[in-house]
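Asks: Next comes final.cif, mmCIF, C-alpha atoms:
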```
data_coords
loop_
_atom_site.group_PDB
_atom_site.id
_atom_site.type_symbol
_atom_site.label_atom_id
_atom_site.label_comp_id
_atom_site.auth_asym_id
_atom_site.auth_seq_id
_atom_site.Cartn_x
_atom_site.Cartn_y
_atom_site.Cartn_z
ATOM 1 C CA MET J 1276 -65.536 21.265 42.332
ATOM 2 C CA LYS J 1277 -67.044 18.303 40.509
ATOM 3 C CA GLN J 1278 -66.625 18.112 36.741
ATOM 4 C CA THR J 1279 -69.780 19.550 35.210
ATOM 5 C CA GLY J 1280 -70.896 19.300 31.610
ATOM 6 C CA ALA J 1281 -73.745 21.128 29.920
ATOM 7 C CA VAL J 1282 -76.516 20.353 27.458
ATOM 8 C CA LEU J 1283 -77.752 23.391 25.527
ATOM 9 C CA VAL J 1284 -80.933 22.737 23.583
ATOM 10 C CA ALA J 1285 -81.318 24.644 20.328
ATOM 11 C CA ALA J 1286 -83.261 22.226 18.160
ATOM 12 C CA GLY J 1287 -86.707 23.771 18.010
ATOM 13 C CA MET J 1288 -88.071 26.638 15.954
ATOM 14 C CA SER J 1289 -90.098 29.563 17.289
ATOM 15 C CA THR J 1290 -93.226 30.253 15.270
ATOM 16 C CA ARG J 1291 -94.068 33.320 17.374
ATOM 17 C CA MET J 1292 -90.631 34.943 17.247
ATOM 18 C CA LYS J 1293 -90.315 34.472 13.466
ATOM 19 C CA GLU J 1294 -86.536 34.835 13.794
ATOM 20 C CA PHE J 1295 -83.763 32.390 14.684
ATOM 21 C CA LYS J 1296 -83.366 33.148 18.383
ATOM 22 C CA PRO J 1297 -79.880 31.713 19.072
ATOM 23 C CA MET J 1298 -78.275 34.101 16.576
ATOM 24 C CA LEU J 1299 -80.105 37.270 17.605
ATOM 25 C CA PRO J 1300 -77.812 40.029 18.912
ATOM 26 C CA PHE J 1301 -77.187 40.095 22.664
ATOM 27 C CA GLY J 1302 -74.428 41.843 24.593
ATOM 28 C CA ASP J 1303 -71.532 42.278 22.199
ATOM 29 C CA SER J 1304 -72.222 39.100 20.239
ATOM 30 C CA THR J 1305 -75.294 36.849 20.015
ATOM 31 C CA ILE J 1306 -77.565 34.927 22.376
ATOM 32 C CA ALA J 1307 -75.839 31.605 21.628
ATOM 33 C CA LEU J 1308 -72.295 32.956 21.873
ATOM 34 C CA HIS J 1309 -73.144 34.778 25.095
ATOM 35 C CA ILE J 1310 -74.354 31.587 26.796
ATOM 36 C CA VAL J 1311 -71.464 29.431 25.551
ATOM 37 C CA SER J 1312 -68.875 32.019 26.571
ATOM 38 C CA MET J 1313 -70.370 32.338 30.047
ATOM 39 C CA LEU J 1314 -70.324 28.593 30.643
ATOM 40 C CA GLN J 1315 -66.777 28.220 29.352
ATOM 41 C CA LYS J 1316 -65.575 30.929 31.740
ATOM 42 C CA LEU J 1317 -67.001 28.778 34.552
ATOM 43 C CA ASP J 1318 -64.929 25.790 33.318
ATOM 44 C CA ILE J 1319 -68.020 23.814 32.360
ATOM 45 C CA SER J 1320 -66.983 21.050 29.983
ATOM 46 C CA PRO J 1321 -67.931 19.293 27.832
ATOM 47 C CA ILE J 1322 -70.660 21.465 26.337
ATOM 48 C CA VAL J 1323 -72.936 19.838 23.798
ATOM 49 C CA VAL J 1324 -75.358 21.878 21.703
ATOM 50 C CA VAL J 1325 -78.326 19.906 20.377
ATOM 51 C CA THR J 1326 -79.298 21.456 17.049
ATOM 52 C CA GLY J 1327 -82.191 20.930 14.650
ATOM 53 C CA HIS J 1328 -83.801 23.928 12.961
ATOM 54 C CA ARG J 1329 -81.107 25.782 10.973
ATOM 55 C CA ALA J 1330 -78.522 23.372 12.334
ATOM 56 C CA GLU J 1331 -75.827 24.233 9.804
ATOM 57 C CA ASP J 1332 -76.132 27.971 10.495
ATOM 58 C CA LEU J 1333 -75.801 27.561 14.242
ATOM 59 C CA GLU J 1334 -72.997 25.007 14.020
ATOM 60 C CA SER J 1335 -71.038 27.320 11.744
ATOM 61 C CA HIS J 1336 -71.747 30.227 14.080
ATOM 62 C CA LEU J 1337 -70.395 28.369 17.134
ATOM 63 C CA PHE J 1338 -67.684 26.301 15.432
ATOM 64 C CA HIS J 1339 -64.794 28.423 16.733
ATOM 65 C CA THR J 1340 -65.890 27.914 20.382
ATOM 66 C CA GLY J 1341 -65.008 24.228 20.382
ATOM 67 C CA VAL J 1342 -68.382 23.023 21.677
ATOM 68 C CA ARG J 1343 -69.773 19.720 20.457
ATOM 69 C CA PHE J 1344 -72.832 19.398 18.257
ATOM 70 C CA LEU J 1345 -75.534 16.782 18.180
ATOM 71 C CA ARG J 1346 -78.352 16.998 15.659
ATOM 72 C CA ASN J 1347 -81.918 16.074 16.397
ATOM 73 C CA GLU J 1348 -82.972 15.321 12.826
ATOM 74 C CA ARG J 1349 -86.537 14.694 14.004
ATOM 75 C CA TYR J 1350 -86.892 18.017 15.837
ATOM 76 C CA ARG J 1351 -90.159 18.833 14.043
ATOM 77 C CA LYS J 1352 -91.806 15.696 15.468
ATOM 78 C CA THR J 1353 -90.194 15.522 18.911
ATOM 79 C CA GLN J 1354 -90.334 17.513 22.131
ATOM 80 C CA MET J 1355 -87.611 19.529 23.843
ATOM 81 C CA PHE J 1356 -87.102 16.712 26.364
ATOM 82 C CA ASP J 1357 -86.121 14.360 23.535
ATOM 83 C CA SER J 1358 -83.289 16.729 22.661
ATOM 84 C CA VAL J 1359 -82.358 16.959 26.346
ATOM 85 C CA LYS J 1360 -82.080 13.166 26.579
ATOM 86 C CA MET J 1361 -79.920 13.021 23.455
ATOM 87 C CA GLY J 1362 -77.533 15.552 24.947
ATOM 88 C CA ILE J 1363 -77.383 13.913 28.361
ATOM 89 C CA GLN J 1364 -76.645 10.481 26.907
ATOM 90 C CA ALA J 1365 -73.858 11.943 24.766
ATOM 91 C CA ILE J 1366 -71.802 13.292 27.702
ATOM 92 C CA LEU J 1367 -73.025 11.230 30.662
ATOM 93 C CA GLN J 1368 -69.868 9.129 30.950
ATOM 94 C CA GLU J 1369 -67.576 12.169 31.056
ATOM 95 C CA CYS J 1370 -68.945 14.209 33.931
ATOM 96 C CA GLU J 1371 -70.334 13.851 37.407
ATOM 97 C CA ARG J 1372 -73.009 16.470 36.891
ATOM 98 C CA VAL J 1373 -74.956 17.748 33.893
ATOM 99 C CA MET J 1374 -76.359 21.257 33.520
ATOM 100 C CA VAL J 1375 -79.408 21.488 31.247
ATOM 101 C CA MET J 1376 -80.912 24.624 29.726
ATOM 102 C CA PRO J 1377 -82.216 26.081 26.478
ATOM 103 C CA ILE J 1378 -79.631 28.074 24.558
ATOM 104 C CA ASP J 1379 -81.972 31.059 24.224
ATOM 105 C CA ALA J 1380 -81.878 32.127 27.885
ATOM 106 C CA PRO J 1381 -79.143 34.780 27.863
ATOM 107 C CA GLY J 1382 -80.558 36.843 30.719
ATOM 108 C CA ILE J 1383 -79.266 34.490 33.433
ATOM 109 C CA ARG J 1384 -76.576 36.295 35.416
ATOM 110 C CA PRO J 1385 -73.101 34.774 35.970
ATOM 111 C CA GLU J 1386 -73.664 34.918 39.742
ATOM 112 C CA THR J 1387 -76.661 32.624 39.381
ATOM 113 C CA PHE J 1388 -74.620 29.976 37.576
ATOM 114 C CA LYS J 1389 -71.968 30.185 40.308
ATOM 115 C CA GLN J 1390 -74.597 29.748 43.028
ATOM 116 C CA VAL J 1391 -76.028 26.672 41.334
ATOM 117 C CA LEU J 1392 -72.600 25.076 40.922
ATOM 118 C CA MET J 1393 -71.816 25.474 44.621
ATOM 119 C CA ILE J 1394 -74.761 23.335 45.744
ATOM 120 C CA ASP J 1395 -74.168 19.607 46.217
ATOM 121 C CA ALA J 1396 -77.512 17.930 45.538
ATOM 122 C CA ALA J 1397 -79.024 15.359 43.188
ATOM 123 C CA MET J 1398 -81.338 17.795 41.416
ATOM 124 C CA ILE J 1399 -81.173 21.569 41.548
ATOM 125 C CA ARG J 1400 -83.320 24.116 39.766
ATOM 126 C CA THR J 1401 -83.564 27.866 40.042
ATOM 127 C CA VAL J 1402 -86.784 29.554 41.095
ATOM 128 C CA TYR J 1403 -87.722 33.195 40.648
ATOM 129 C CA GLN J 1404 -90.730 34.452 42.619
ATOM 130 C CA GLY J 1405 -92.123 30.937 42.811
ATOM 131 C CA GLU J 1406 -91.637 30.122 39.111
ATOM 132 C CA PRO J 1407 -89.157 27.338 38.215
ATOM 133 C CA GLY J 1408 -86.489 28.389 35.733
ATOM 134 C CA HIS J 1409 -83.074 27.486 34.341
ATOM 135 C CA PRO J 1410 -80.425 26.248 34.580
ATOM 136 C CA ILE J 1411 -81.159 22.796 35.982
ATOM 137 C CA LEU J 1412 -78.270 20.818 37.455
ATOM 138 C CA LEU J 1413 -78.445 17.029 37.700
ATOM 139 C CA ARG J 1414 -76.132 14.461 39.246
ATOM 140 C CA SER J 1415 -75.098 12.024 36.513
ATOM 141 C CA ASP J 1416 -76.887 8.996 38.009
ATOM 142 C CA ILE J 1417 -80.082 11.031 38.305
ATOM 143 C CA ALA J 1418 -79.691 12.349 34.763
ATOM 144 C CA ARG J 1419 -79.462 8.750 33.559
ATOM 145 C CA GLN J 1420 -82.615 7.874 35.495
ATOM 146 C CA LEU J 1421 -84.548 10.816 34.055
ATOM 147 C CA CYS J 1422 -83.739 9.696 30.517
ATOM 148 C CA GLY J 1423 -86.010 6.707 31.125
ATOM 149 C CA TYR J 1424 -89.056 8.898 31.673
ATOM 150 C CA THR J 1425 -91.693 8.407 28.962
ATOM 151 C CA GLY J 1426 -94.458 10.643 30.262
ATOM 152 C CA GLU J 1427 -95.834 13.701 28.495
ATOM 153 C CA ARG J 1428 -94.631 16.417 30.893
ATOM 154 C CA GLY J 1429 -91.056 16.677 29.676
ATOM 155 C CA LEU J 1430 -88.071 17.377 31.900
ATOM 156 C CA ARG J 1431 -90.162 18.900 34.672
ATOM 157 C CA GLY J 1432 -92.367 15.826 34.747
ATOM 158 C CA ALA J 1433 -89.335 13.538 34.789
ATOM 159 C CA MET J 1434 -87.840 15.414 37.744
ATOM 160 C CA GLU J 1435 -91.046 15.522 39.736
ATOM 161 C CA ASN J 1436 -91.721 11.822 39.147
ATOM 162 C CA ALA J 1437 -88.218 10.665 40.062
ATOM 163 C CA GLY J 1438 -89.046 10.249 43.752
ATOM 164 C CA ILE J 1439 -86.001 12.313 44.744
ATOM 165 C CA PRO J 1440 -86.182 15.721 46.448
ATOM 166 C CA ILE J 1441 -85.620 18.684 44.159
ATOM 167 C CA VAL J 1442 -83.576 21.492 45.650
ATOM 168 C CA ASP J 1443 -85.281 24.703 44.538
ATOM 169 C CA MET J 1444 -82.792 27.570 44.725
ATOM 170 C CA GLU J 1445 -84.670 30.868 45.060
ATOM 171 C CA VAL J 1446 -82.812 33.623 43.212
ATOM 172 C CA GLU J 1447 -83.252 37.345 42.630
ATOM 173 C CA ASP J 1448 -82.500 36.870 38.961
ATOM 174 C CA ARG J 1449 -85.423 37.433 36.628
ATOM 175 C CA GLY J 1450 -83.330 36.078 33.775
ATOM 176 C CA VAL J 1451 -83.833 32.460 34.870
ATOM 177 C CA CYS J 1452 -87.463 32.649 33.711
ATOM 178 C CA TRP J 1453 -87.140 35.129 30.858
ATOM 179 C CA ASP J 1454 -88.232 33.634 27.560
ATOM 180 C CA VAL J 1455 -87.642 35.393 24.252
ATOM 181 C CA ASP J 1456 -90.510 33.849 22.328
ATOM 182 C CA THR J 1457 -91.787 37.179 20.978
ATOM 183 C CA GLN J 1458 -90.226 40.412 19.743
ATOM 184 C CA GLU J 1459 -91.709 42.202 22.757
ATOM 185 C CA GLU J 1460 -90.026 39.775 25.176
ATOM 186 C CA TYR J 1461 -86.739 40.088 23.306
ATOM 187 C CA GLN J 1462 -86.798 43.894 23.350
ATOM 188 C CA GLY J 1463 -87.736 43.822 27.028
ATOM 189 C CA LEU J 1464 -84.775 41.573 27.776
ATOM 190 C CA LEU J 1465 -82.402 43.909 25.933
ATOM 191 C CA GLU J 1466 -83.695 46.884 27.920
ATOM 192 C CA TRP J 1467 -83.362 44.989 31.201
ATOM 193 C CA ASP J 1468 -79.838 43.874 30.338
ATOM 194 C CA HIS J 1469 -78.939 47.463 29.480
ATOM 195 C CA GLN J 1470 -80.253 48.675 32.827
ATOM 196 C CA LEU J 1471 -78.035 46.138 34.564
ATOM 197 C CA GLY J 1472 -75.042 47.733 32.893
ATOM 198 C CA ASP J 1473 -74.195 45.335 30.079
ATOM 199 C CA GLY J 1474 -75.203 47.696 27.288
ATOM 200 C CA TYR J 1475 -77.263 47.192 24.190
ATOM 201 C CA PRO J 1476 -76.178 44.615 21.604
ATOM 202 C CA ILE J 1477 -73.990 45.876 18.827
ATOM 203 C CA ARG J 1478 -75.363 45.213 15.374
ATOM 204 C CA PRO J 1479 -74.932 46.702 11.916
ATOM 205 C CA LEU J 1480 -77.466 49.278 10.763
ATOM 206 C CA VAL J 1481 -78.099 49.325 7.026
ATOM 207 C CA GLN J 1482 -80.077 52.034 5.274
ATOM 208 C CA VAL J 1483 -80.739 51.443 1.580
ATOM 209 C CA ARG J 1484 -81.417 54.326 -0.801
ATOM 210 C CA LEU J 1485 -82.133 54.363 -4.513
ATOM 211 C CA LYS J 1486 -80.392 56.905 -6.709
ATOM 212 C CA GLY J 1487 -81.043 58.056 -10.254
ATOM 213 C CA SER J 1488 -79.859 61.523 -11.154
ATOM 214 C CA GLU J 1489 -80.311 62.118 -7.418
ATOM 215 C CA VAL J 1490 -81.214 60.111 -4.316
ATOM 216 C CA PHE J 1491 -84.984 59.758 -4.439
ATOM 217 C CA PHE J 1492 -86.048 56.726 -2.435
ATOM 218 C CA GLY J 1493 -85.136 55.479 1.034
ATOM 219 C CA PRO J 1494 -86.635 54.309 4.336
ATOM 220 C CA GLY J 1495 -88.690 57.481 4.779
ATOM 221 C CA THR J 1496 -90.179 57.354 1.294
ATOM 222 C CA ALA J 1497 -90.961 53.666 1.664
ATOM 223 C CA SER J 1498 -92.735 54.408 4.946
ATOM 224 C CA LEU J 1499 -94.734 57.190 3.263
ATOM 225 C CA LEU J 1500 -95.914 54.895 0.460
ATOM 226 C CA ASP J 1501 -96.808 52.215 2.997
ATOM 227 C CA HIS J 1502 -98.862 54.726 5.011
ATOM 228 C CA ILE J 1503 -100.631 55.942 1.866
ATOM 229 C CA GLN J 1504 -101.615 52.398 0.957
ATOM 230 C CA ARG J 1505 -102.877 51.626 4.458
ATOM 231 C CA THR J 1506 -104.748 54.895 5.071
ATOM 232 C CA GLY J 1507 -106.001 55.595 1.542
ATOM 233 C CA SER J 1508 -104.955 59.208 1.939
ATOM 234 C CA LEU J 1509 -101.745 61.130 1.298
ATOM 235 C CA GLN J 1510 -102.873 63.781 3.760
ATOM 236 C CA GLU J 1511 -103.522 61.247 6.529
ATOM 237 C CA ALA J 1512 -100.237 59.463 5.770
ATOM 238 C CA CYS J 1513 -98.345 62.737 6.163
ATOM 239 C CA HIS J 1514 -100.217 63.489 9.390
ATOM 240 C CA GLN J 1515 -99.314 60.117 10.921
ATOM 241 C CA MET J 1516 -95.656 60.542 9.964
ATOM 242 C CA GLY J 1517 -95.400 64.129 11.160
ATOM 243 C CA LEU J 1518 -94.764 65.484 7.644
ATOM 244 C CA SER J 1519 -96.291 68.534 6.042
ATOM 245 C CA TYR J 1520 -98.583 67.748 3.127
ATOM 246 C CA SER J 1521 -96.382 69.770 0.795
ATOM 247 C CA LYS J 1522 -93.266 67.812 1.762
ATOM 248 C CA GLY J 1523 -95.060 64.489 1.310
ATOM 249 C CA SER J 1524 -96.240 65.589 -2.123
ATOM 250 C CA ARG J 1525 -92.688 66.578 -3.113
ATOM 251 C CA MET J 1526 -91.374 63.171 -2.008
ATOM 252 C CA VAL J 1527 -93.952 61.384 -4.156
ATOM 253 C CA LYS J 1528 -93.259 63.616 -7.176
ATOM 254 C CA ALA J 1529 -89.498 63.024 -6.854
ATOM 255 C CA VAL J 1530 -90.067 59.261 -7.026
ATOM 256 C CA GLU J 1531 -92.367 59.582 -10.038
ATOM 257 C CA ARG J 1532 -89.891 61.828 -11.819
ATOM 258 C CA GLN J 1533 -87.024 59.359 -11.404
ATOM 259 C CA MET J 1534 -89.072 56.208 -12.067
ATOM 260 C CA GLY J 1535 -90.918 57.647 -15.076
ATOM 261 C CA PHE J 1536 -94.379 56.519 -13.969
ATOM 262 C CA SER J 1537 -97.022 57.401 -11.392
ATOM 263 C CA VAL J 1538 -96.699 55.675 -8.027
ATOM 264 C CA VAL J 1539 -99.694 57.298 -6.327
ATOM 265 C CA GLU J 1540 -103.200 57.618 -7.754
ATOM 266 C CA ARG J 1541 -105.136 60.590 -6.397
ATOM 267 C CA TRP J 1542 -108.768 61.571 -6.719
ATOM 268 C CA ALA J 1543 -110.641 64.562 -5.358
ATOM 269 C CA GLY J 1544 -114.180 65.396 -4.297
ATOM 270 C CA GLY J 1545 -117.163 63.113 -4.660
ATOM 271 C CA PRO J 1546 -119.568 61.839 -1.992
ATOM 272 C CA GLY J 1547 -116.811 60.084 -0.104
ATOM 273 C CA GLY J 1548 -114.269 62.857 -0.410
ATOM 274 C CA GLY J 1549 -110.838 62.582 -2.023
ATOM 275 C CA GLY J 1550 -108.185 59.974 -1.457
ATOM 276 C CA SER J 1551 -104.934 58.381 -2.597
ATOM 277 C CA LEU J 1552 -103.721 54.837 -3.221
ATOM 278 C CA LEU J 1553 -100.633 53.289 -4.756
ATOM 279 C CA THR J 1554 -100.729 52.423 -8.435
ATOM 280 C CA GLU J 1555 -99.695 48.929 -9.485
ATOM 281 C CA GLY J 1556 -96.260 50.350 -10.269
ATOM 282 C CA GLY J 1557 -96.117 51.979 -6.851
ATOM 283 C CA LYS J 1558 -97.062 48.721 -5.135
ATOM 284 C CA GLN J 1559 -94.396 46.801 -7.046
ATOM 285 C CA LEU J 1560 -91.757 49.450 -6.271
ATOM 286 C CA LEU J 1561 -92.515 49.313 -2.557
ATOM 287 C CA LYS J 1562 -92.646 45.511 -2.477
ATOM 288 C CA SER J 1563 -89.339 45.169 -4.338
ATOM 289 C CA TYR J 1564 -87.617 47.746 -2.146
ATOM 290 C CA GLN J 1565 -88.780 46.087 1.078
ATOM 291 C CA ALA J 1566 -87.704 42.630 -0.129
ATOM 292 C CA MET J 1567 -84.304 43.960 -1.203
ATOM 293 C CA VAL J 1568 -83.745 45.651 2.173
ATOM 294 C CA LYS J 1569 -84.606 42.412 3.962
ATOM 295 C CA ASP J 1570 -82.124 40.414 1.869
ATOM 296 C CA ILE J 1571 -79.405 43.036 2.313
ATOM 297 C CA GLN J 1572 -79.930 43.034 6.077
ATOM 298 C CA LYS J 1573 -79.580 39.252 6.211
ATOM 299 C CA SER J 1574 -76.388 39.372 4.169
ATOM 300 C CA THR J 1575 -75.031 42.159 6.350
ATOM 301 C CA GLU J 1576 -75.751 40.175 9.518
ATOM 302 C CA ARG J 1577 -73.746 37.254 8.115
ATOM 303 C CA ILE J 1578 -70.845 39.526 7.202
ATOM 304 C CA TYR J 1579 -71.043 41.198 10.605
ATOM 305 C CA GLY J 1580 -70.880 37.811 12.317
ATOM 306 C CA ARG J 1581 -67.713 36.961 10.389
ATOM 307 C CA TYR J 1582 -65.874 40.012 11.709
ATOM 308 C CA PHE J 1583 -67.564 40.787 15.017
ATOM 309 C CA GLY J 1584 -69.213 37.495 16.044
ATOM 310 C CA LYS J 1585 -66.594 36.539 18.642
ATOM 311 C CA GLY J 1586 -67.127 39.767 20.572
ATOM 312 C CA PHE J 1587 -64.606 42.077 22.219
ATOM 313 C CA ARG J 1588 -65.332 42.052 25.911
ATOM 314 C CA SER J 1589 -63.005 40.180 28.255
#
```
Mind turning the file's structure into structure tokens?

Replies:
Amino acid sequence: MKQTGAVLVAAGMSTRMKEFKPMLPFGDSTIALHIVSMLQKLDISPIVVVTGHRAEDLESHLFHTGVRFLRNERYRKTQMFDSVKMGIQAILQECERVMVMPIDAPGIRPETFKQVLMIDAAMIRTVYQGEPGHPILLRSDIARQLCGYTGERGLRGAMENAGIPIVDMEVEDRGVCWDVDTQEEYQGLLEWDHQLGDGYPIRPLVQVRLKGSEVFFGPGTASLLDHIQRTGSLQEACHQMGLSYSKGSRMVKAVERQMGFSVVERWAGGPGGGGSLLTEGGKQLLKSYQAMVKDIQKSTERIYGRYFGKGFRS
């Protein structure tokens, strides 16, 4: 088999996902580690990861794998194809073929990679139900030619304007076209991967509670206060959460007793009926708790990565 290298593009940032996709949990590790591990098991080398957004985080995360890194310092002002060209030019002299793909496509099955590698053609791309996907495999001379493309249609435009037939390999692998640009797409991918037998990703679960003379504030209480603020009613908040009104009232009173101030302002009667809203102290308590939980979760993810990031599966 011809020596094949790979360019994994991880320079851009996802404004819709609002999280750093390469380091999201997948399988027993992360999206980035899953892809790198899969390619290394197929003896693909060298592997260059083109970084940009949160470059230091990703490089530290993948350092132990031995892949190479190339930074696109201008990632905010360039397109994905610019990162592709940087990666291709960095390894072109070392391999006869170059595989190109984004690093955030973990749903591609190992069998699909093996199928692609067995085909001897100048340009190969996977297709699922008529939609072109990844990975893309290029012969080195063709990869060099594509780097000269200056049009506005990126890698696809470069391939289609090269004047060379593209071998479209139809696969029964939905993962070749599965983006994770939104939380809904990411959760859907996890469910699909689980159904295929690979299990859900392992990740730490942190639940933060506040304690005075007793535990009085946690995820449930925070959710209750949030519902009160959004609905303007303790009764409606309890209804939406499946709590009895009496239990919701006891939860609020327990917080007020420990904090020493009112967190919920109630009023009764009147033309518009009664209602409830958070006091300024209640708003600040909820805001501080939510921010603290977010910071603790981030710290926990980093600690988790230190001990579990390399995974356990063979």

Asks: Between J:Ala1286, J:Met1567, J:Ala1380, J:Ala1281, single out the one closest to Ile1366 in chain J, counting all atoms listed in the file.

Replies: J:Ala1281

Asks: Using Å and a single decimal, report how far CA of Ser1574 in chain J sits from CA of Glu1331 in chain J.

Replies: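 Result for CA of Glu1331 in chain J versus CA of Ser1574 in chain J: 16.2 Å, one decimal.
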
Asks: Can you work out which one of J:Arg1431, J:Lys1316, J:Arg1291, J:His1409 has the shortest atom-to-atom distance to Gly1382 in chain J, counting all atoms listed in the file?

Replies: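 Looking at the shortest contact to Gly1382 in chain J, the residue is J:His1409.
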
Asks: Out of J:Lys1296, J:Arg1372, J:Arg1484, J:Arg1400, which residue has the shortest atom-to-atom distance to Asp1443 in chain J when counting only C-alpha atoms?

Replies: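 Using only C-alpha atoms, Asp1443 in chain J sits closest to J:Arg1400.
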
Asks: Take the PyMOL selection byres ((chain J and resi 1449) around 8), run it mentally on this structure, and tell me the resulting residues as a ChimeraX atom specification.

Replies: /J:1382-1383,1403,1447-1448,1450-1453

Asks: Which residues, named as in the file, does the PyMOL selection byres ((chain J and resi 1369) around 9) pick out? Answer as a list in words.

Replies: Gln1278, Thr1279, Gly1280, Ser1320, Pro1321, Ala1365, Ile1366, Leu1367, Gln1368, Cys1370 and Glu1371 of chain J

Asks: Taking C-alpha atoms for each residue, export the selection above as a CSV table (one decimal), keeping the file's coordinate frame.

Replies:
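The resulting part.csv:
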```csv
chain,number,residue,atom,x,y,z
J,1278,GLN,CA,-66.6,18.1,36.7
J,1279,THR,CA,-69.8,19.6,35.2
J,1280,GLY,CA,-70.9,19.3,31.6
J,1320,SER,CA,-67.0,21.0,30.0
J,1321,PRO,CA,-67.9,19.3,27.8
J,1365,ALA,CA,-73.9,11.9,24.8
J,1366,ILE,CA,-71.8,13.3,27.7
J,1367,LEU,CA,-73.0,11.2,30.7
J,1368,GLN,CA,-69.9,9.1,31.0
J,1370,CYS,CA,-68.9,14.2,33.9
J,1371,GLU,CA,-70.3,13.9,37.4
```

Asks: Given the choices J:Ser1563, J:Ser1537, J:Thr1575, J:Ser1508, which gets closest to Gly1550 in chain J if the distance is worked out from all atoms listed in the file?

Replies: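 Smallest separation from Gly1550 in chain J among the options: J:Ser1508.
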
Asks: What is the distance between CA of Tyr1461 in chain J and CA of Ile1319 in chain J, in Å to one decimal?

Replies: 26.4 Å

Asks: Please evaluate the PyMOL selection byres ((chain J and resi 1425) around 12) against the displayed coordinates and give the resulting residues as a ChimeraX atom specification.

Replies: /J:1354,1356-1357,1360,1420-1424,1426-1430,1432-1434,1436-1437

Asks: Would you save the residues from that selection as a PDB file, keeping the file's coordinate frame, using C-alpha atoms?

Replies:
```
ATOM      1  CA  GLN J1354     -90.334  17.513  22.131  1.00  0.00           C
ATOM      2  CA  PHE J1356     -87.102  16.712  26.364  1.00  0.00           C
ATOM      3  CA  ASP J1357     -86.121  14.360  23.535  1.00  0.00           C
ATOM      4  CA  LYS J1360     -82.080  13.166  26.579  1.00  0.00           C
ATOM      5  CA  GLN J1420     -82.615   7.874  35.495  1.00  0.00           C
ATOM      6  CA  LEU J1421     -84.548  10.816  34.055  1.00  0.00           C
ATOM      7  CA  CYS J1422     -83.739   9.696  30.517  1.00  0.00           C
ATOM      8  CA  GLY J1423     -86.010   6.707  31.125  1.00  0.00           C
ATOM      9  CA  TYR J1424     -89.056   8.898  31.673  1.00  0.00           C
ATOM     10  CA  GLY J1426     -94.458  10.643  30.262  1.00  0.00           C
ATOM     11  CA  GLU J1427     -95.834  13.701  28.495  1.00  0.00           C
ATOM     12  CA  ARG J1428     -94.631  16.417  30.893  1.00  0.00           C
ATOM     13  CA  GLY J1429     -91.056  16.677  29.676  1.00  0.00           C
ATOM     14  CA  LEU J1430     -88.071  17.377  31.900  1.00  0.00           C
ATOM     15  CA  GLY J1432     -92.367  15.826  34.747  1.00  0.00           C
ATOM     16  CA  ALA J1433     -89.335  13.538  34.789  1.00  0.00           C
ATOM     17  CA  MET J1434     -87.840  15.414  37.744  1.00  0.00           C
ATOM     18  CA  ASN J1436     -91.721  11.822  39.147  1.00  0.00           C
ATOM     19  CA  ALA J1437     -88.218  10.665  40.062  1.00  0.00           C
TER      20      ALA J1437
END
```

Asks: For each of J:Ala1396, J:Leu1283, J:Val1442, J:Met1292, take the minimum atom-to-atom distance to Val1342 in chain J, counting only C-alpha atoms, then give the residue where this is smallest.

Replies: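 Result for the nearest residue to Val1342 in chain J: J:Leu1283.
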
Asks: Between J:Asp1570, J:Lys1352, J:Glu1435, J:Glu1445, which one has atoms that come closest to Gln1404 in chain J, using all atoms listed in the file?

Replies: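 Ranking J:Asp1570, J:Lys1352, J:Glu1435, J:Glu1445 by distance to Gln1404 in chain J, first place goes to J:Glu1445.
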
Asks: Show which residues sit within 12 Å of Thr1290 in chain J, as a PyMOL selection string. Count only C-alpha atoms, and ignore same-chain residues fewer than 3 positions away.

Replies: chain J and resi 1287+1293-1296+1328+1351+1455-1458
